[in-house]
Number of protein chains: 2
Amino acid sequence: MLIVGELINASRESIAGFIEAKDNAAIGAAARNQLEAGATYLDVNAGVFVDDEAQYLRWLVETVQSAVDAPCCIDSPDPRAIEAALSVHRGTAMINSISLEKDRYDKLLPILAGTDLKVVALCMSDEGMPKTAEQRLRIADKLINGLVSENVLAENIYVDPLVQPVATNTAFGKEFLEAVARIGHEFKGVHTMCGLSNISFGLPVRKLLNQTFMVMAVTSGLDGAIMDPLDKKMMAVILAAETLIGRDDFCMKYLSAYRGKKFQF
Amino acid sequence: MLIVGELINASRESIAGFIEAKDNAAIGAAARNQLEAGATYLDVNAGVFVDDEAQYLRWLVETVQSAVDAPCCIDSPDPRAIEAALSVHRGTAMINSISLEKDRYDKLLPILAGTDLKVVALCMSDEGMPKTAEQRLRIADKLINGLVSENVLAENIYVDPLVQPVATNTAFGKEFLEAVARIGHEFKGVHTMCGLSNISFGLPVRKLLNQTFMVMAVTSGLDGAIMDPLDKKMMAVILAAETLIGRDDFCMKYLSAYRGKKFQF
């Protein structure tokens with residue numbers, strides 16, 4: 001499972017404060033903690049600073065990568081901010097995210113064309129949010145074909161099928177899971193990845209629902225998640241799910257995490 | 001989800017003691033507690049009393065059904081014990097279980113033929129335990145055809161695909177889940193049901209693995225479980241899974257269990 005640590009996001013008040021204060025130590029610590037907890041990529045988002053997003057995003061990439069040796073997931077729809085961040089990024093960045101919304105698609109495709117950047121392809125179009133698995137597949141198909149025809153490798157595409165709250169529509173969980181499974185089967189090499197916590201919006205005991213839905217998504221083939229890697233229970237659930245679905249030879253990852261007291265339960 | 005409460009089993013020392021002492025109150029309480037916690041069927045097992053199994057199993061059915069208005073799941077391979085239990089059972093019993101082992105199959109089929117009994121059909125044959133989904137499907141196919149040709153309705157058959165420990169073989173979880181999904185798709189009307197705890201045999205933090213595997217099994221279509229309904233965390237996980245997979249209209253079961261403080265998390 002590719003885990004993108006979501007904590008360095010300026011929509012969190014503490015992070016916004018660290019960014020404005022140019023607090024290298026605090027951002028560095030947030031990066032290190034997530035990496036030690038199991039993240040592979042570190043999401044960086046400065047979206048709340050509308051006019052200064054490019055400048056702050058570049059600073060975040062520099063600050064994160066001076067603290068840790070890890071790639072960033074550059075979380076912005078703004079091509080200028082993305083290019084500023086990429087200008088200082090070392091290694092292979094991930095772009096979060098392109099979608100089928102025309103304005104966003106047209107602006108991001110040239111940045112991705114012919115590169116080895118990884119990219120989150122969000123199943124959203126100008127017609128709004130998809131409801132069924134079929135609608136998600138249609139958007140994914142267009143996004144994947146568009147990217148591949150611009151020489152982006154299928155292996156570098158992470159489709160986000162877009163989680164919607166089950167409290168809004170009883171079928172939303174099942175339709176999402178079916179989309180994950182079908183994208184895995186129908187598009188060779190393409191990955192699926194997303195944040196899952198929207199599934200429980202409007203319901204009590206959200207952590208129970210989020211953990212349960214993570215297991216369901218792994219069962220359906222999800223191979224990436226944007227999440228809080230410091231959530232030890234969620235990390236334990238992912239480890240257990242990967243072991244049970246056959247992604248952990250001889251249960252070695254499970255056993256070594258247990259021995260290292262890496263997860264809570 | 002059809003939940004069969006597993007606690008009235010003489011392999012548990014306390015239950016064996018209650019049976020020998022003919023302790024109606026204790027067995028009645030075990031029945032009531034499981035029913036209140038959400039069980040639909042109550043498993044009764046007196047297998048440790050080899051010579052007296054028939055007598056004790058009949059007493060268990062009488063005792064359970066004088067305490068609660070619920071059907072029993074008669075847990076024995078011995079046709080004499082099953083018939084003794086059925087002679088006093090009110091309502092529609094479930095028989096646990098027939099298998100493709102010749103001796104067991106030949107003895108149990110006449111008891112089931114032409115009845116409306118529910119039956120657990122265990123994917124086990126004289127060739128031993130199945131390893132792959134394909135082997136499970138072949139056994140299930142023979143069991144289902146054998147039962148249906150003796151006028152047992154497909155709807156009354158609960159195939160147990162047989163859980164084996166993932167510590168023994170990394171693929172055992174995935175093969176089991178694939179079997180659950182394929183039985184659901186390929187045999188119209190037939191159910192799947194089983195105990196899941198064998199999956200975690202030999203590994204630490206078994207409850208984490210058991211809960212996670214339950215979610216995976218529900219995702220794959222499992223619609224029955226033989227389990228301890230007093231395990232509030234497992235019951236919470238099942239409720240969450242059913243809500244997320246679309247089996248809970250308007251999340252009403254989830255919300256009312258939450259409001260009634262029915263589950264822990």
# chains A, B, ... in the order shown; residues from 1 in each chain; ligands from 1

$ interface_residues --of "chain A" --to "chain B" --cutoff "9 Å" --atoms "only C-alpha atoms" --output "VMD selection string"
chain A and resid 166 to 175 177 199 to 200 203 to 205 207 to 209 212 to 213 215 to 216 218 to 220 236 to 238 240 to 241 243 to 251 254 to 255 258 265

$ residues_around --residues "Ile144 (chain B)" --least-positions-apart "2" --cutoff "9 Å" --atoms "only C-alpha atoms" --output "PyMOL selection string"
chain B and resi 121+139-142+146-149+152+154+157+159+187+190

$ select_by_dssp --residues "region 72-200 of chain A" --states "strand (DSSP E)" --output "PyMOL selection string"
chain A and resi 72-75+94-100+118-125+157-160+191-192

$ write_last_selection --atoms "C-alpha atoms" --output "PDB file, in the first residue's frame"
ATOM      1  CA  CYS A  72       6.295  15.043  -2.089  1.00  0.00           C
ATOM      2  CA  CYS A  73       2.743  14.818  -3.298  1.00  0.00           C
ATOM      3  CA  ILE A  74       2.109  18.332  -4.597  1.00  0.00           C
ATOM      4  CA  ASP A  75      -1.457  19.114  -3.684  1.00  0.00           C
ATOM      5  CA  MET A  94       3.282  13.072  -7.365  1.00  0.00           C
ATOM      6  CA  ILE A  95       0.747  15.655  -8.569  1.00  0.00           C
ATOM      7  CA  ASN A  96      -2.569  15.772  -6.685  1.00  0.00           C
ATOM      8  CA  SER A  97      -4.647  16.021  -8.817  1.00  0.00           C
ATOM      9  CA  ILE A  98      -5.803  16.215 -12.406  1.00  0.00           C
ATOM     10  CA  SER A  99      -9.517  15.727 -13.100  1.00  0.00           C
ATOM     11  CA  LEU A 100     -11.825  15.824 -16.109  1.00  0.00           C
ATOM     12  CA  LYS A 118       3.105  10.314 -10.694  1.00  0.00           C
ATOM     13  CA  VAL A 119      -0.393  11.758 -10.842  1.00  0.00           C
ATOM     14  CA  VAL A 120      -3.660  11.390  -8.971  1.00  0.00           C
ATOM     15  CA  ALA A 121      -6.500  11.319 -11.513  1.00  0.00           C
ATOM     16  CA  LEU A 122      -9.677  12.352  -9.734  1.00  0.00           C
ATOM     17  CA  CYS A 123     -12.976  11.013 -11.083  1.00  0.00           C
ATOM     18  CA  MET A 124     -14.672  14.391 -11.287  1.00  0.00           C
ATOM     19  CA  SER A 125     -15.952  16.191 -14.382  1.00  0.00           C
ATOM     20  CA  ILE A 157      -1.491   7.023 -12.780  1.00  0.00           C
ATOM     21  CA  TYR A 158      -3.373   6.745  -9.476  1.00  0.00           C
ATOM     22  CA  VAL A 159      -7.108   6.993 -10.128  1.00  0.00           C
ATOM     23  CA  ASP A 160      -9.113   8.443  -7.237  1.00  0.00           C
ATOM     24  CA  HIS A 191      -3.316   2.181  -9.597  1.00  0.00           C
ATOM     25  CA  THR A 192      -6.158   3.397  -7.399  1.00  0.00           C
TER      26      THR A 192
END

$ atom_distance --atom1 "CA of His185 (chain A)" --atom2 "CA of Asp223 (chain A)"
13.0 Å

$ select_by_dssp --residues "region 48-162 of chain B" --states "alpha helix (DSSP H)" --output "MDAnalysis selection string"
chainID B and resid 53:67 79:88 102:112 133:149

$ residues_around --residues "region 22-29 of chain A" --least-positions-apart "6" --cutoff "12 Å" --atoms "only C-alpha atoms" --output "list of chain:residue names"
A:Leu7, A:Ile8, A:Asn9, A:Ala10, A:Ser14, A:Ile15, A:Ala16, A:Leu35, A:Glu36, A:Leu42, A:Asp43, A:Val44, A:Asn45, A:Gln55, A:Tyr56, A:Leu57, A:Arg58, A:Trp59, A:Leu60, A:Val61, A:Glu62, A:Thr63, A:Val64, A:Gln65, A:Ser66, A:Ala67, A:Val68, A:Asp69, A:Ala70

$ write_last_selection --atoms "N, CA and C atoms" --output "short mmCIF file (atom, residue, chain, number, x, y, z; two decimals), in the first residue's frame"
data_model
loop_
_atom_site.label_atom_id
_atom_site.label_comp_id
_atom_site.auth_asym_id
_atom_site.auth_seq_id
_atom_site.Cartn_x
_atom_site.Cartn_y
_atom_site.Cartn_z
N LEU A 7 -0.67 15.19 6.51
CA LEU A 7 -0.73 16.16 7.61
C LEU A 7 -0.19 17.55 7.28
N ILE A 8 0.69 17.66 6.27
CA ILE A 8 1.27 18.99 5.99
C ILE A 8 0.33 19.74 5.03
N ASN A 9 -0.77 20.18 5.60
CA ASN A 9 -1.84 20.78 4.81
C ASN A 9 -2.26 22.08 5.51
N ALA A 10 -2.18 23.17 4.80
CA ALA A 10 -2.42 24.48 5.41
C ALA A 10 -3.87 24.69 5.83
N SER A 14 -2.67 24.65 12.66
CA SER A 14 -1.29 24.63 13.16
C SER A 14 -0.30 24.69 11.99
N ILE A 15 -0.59 23.98 10.93
CA ILE A 15 0.32 23.96 9.77
C ILE A 15 0.34 25.34 9.11
N ALA A 16 -0.81 25.97 8.97
CA ALA A 16 -0.85 27.33 8.39
C ALA A 16 0.04 28.27 9.20
N LEU A 35 6.94 9.96 7.99
CA LEU A 35 7.78 9.00 7.29
C LEU A 35 8.09 7.81 8.19
N GLU A 36 8.43 8.10 9.44
CA GLU A 36 8.74 7.02 10.39
C GLU A 36 7.52 6.13 10.64
N LEU A 42 4.83 12.47 0.97
CA LEU A 42 4.32 13.47 1.91
C LEU A 42 3.55 14.53 1.13
N ASP A 43 2.26 14.59 1.37
CA ASP A 43 1.43 15.61 0.73
C ASP A 43 1.82 16.99 1.26
N VAL A 44 1.92 17.97 0.35
CA VAL A 44 2.14 19.37 0.76
C VAL A 44 1.06 20.23 0.12
N ASN A 45 0.40 21.03 0.94
CA ASN A 45 -0.73 21.83 0.48
C ASN A 45 -0.66 23.20 1.14
N GLN A 55 4.67 30.48 -3.85
CA GLN A 55 5.84 30.74 -2.99
C GLN A 55 5.88 29.79 -1.78
N TYR A 56 4.72 29.64 -1.12
CA TYR A 56 4.67 28.79 0.07
C TYR A 56 4.84 27.31 -0.26
N LEU A 57 4.28 26.90 -1.39
CA LEU A 57 4.38 25.49 -1.75
C LEU A 57 5.85 25.14 -2.05
N ARG A 58 6.53 26.07 -2.74
CA ARG A 58 7.96 25.85 -3.01
C ARG A 58 8.74 25.76 -1.69
N TRP A 59 8.42 26.65 -0.77
CA TRP A 59 9.09 26.61 0.54
C TRP A 59 8.81 25.29 1.27
N LEU A 60 7.56 24.81 1.17
CA LEU A 60 7.22 23.54 1.84
C LEU A 60 8.04 22.39 1.27
N VAL A 61 8.16 22.33 -0.06
CA VAL A 61 8.94 21.24 -0.68
C VAL A 61 10.39 21.32 -0.22
N GLU A 62 10.96 22.50 -0.27
CA GLU A 62 12.36 22.66 0.18
C GLU A 62 12.53 22.26 1.64
N THR A 63 11.59 22.68 2.46
CA THR A 63 11.70 22.43 3.89
C THR A 63 11.53 20.94 4.21
N VAL A 64 10.52 20.32 3.58
CA VAL A 64 10.30 18.88 3.78
C VAL A 64 11.53 18.11 3.32
N GLN A 65 12.03 18.44 2.13
CA GLN A 65 13.13 17.62 1.58
C GLN A 65 14.49 17.96 2.21
N SER A 66 14.57 19.06 2.96
CA SER A 66 15.81 19.25 3.71
C SER A 66 15.75 18.48 5.03
N ALA A 67 14.55 18.08 5.43
CA ALA A 67 14.40 17.32 6.68
C ALA A 67 14.44 15.81 6.43
N VAL A 68 13.86 15.38 5.31
CA VAL A 68 13.76 13.93 5.04
C VAL A 68 14.07 13.65 3.58
N ASP A 69 14.46 12.42 3.33
CA ASP A 69 14.75 11.99 1.97
C ASP A 69 13.51 11.28 1.42
N ALA A 70 12.52 12.06 1.04
CA ALA A 70 11.25 11.46 0.57
C ALA A 70 10.62 12.39 -0.46
#
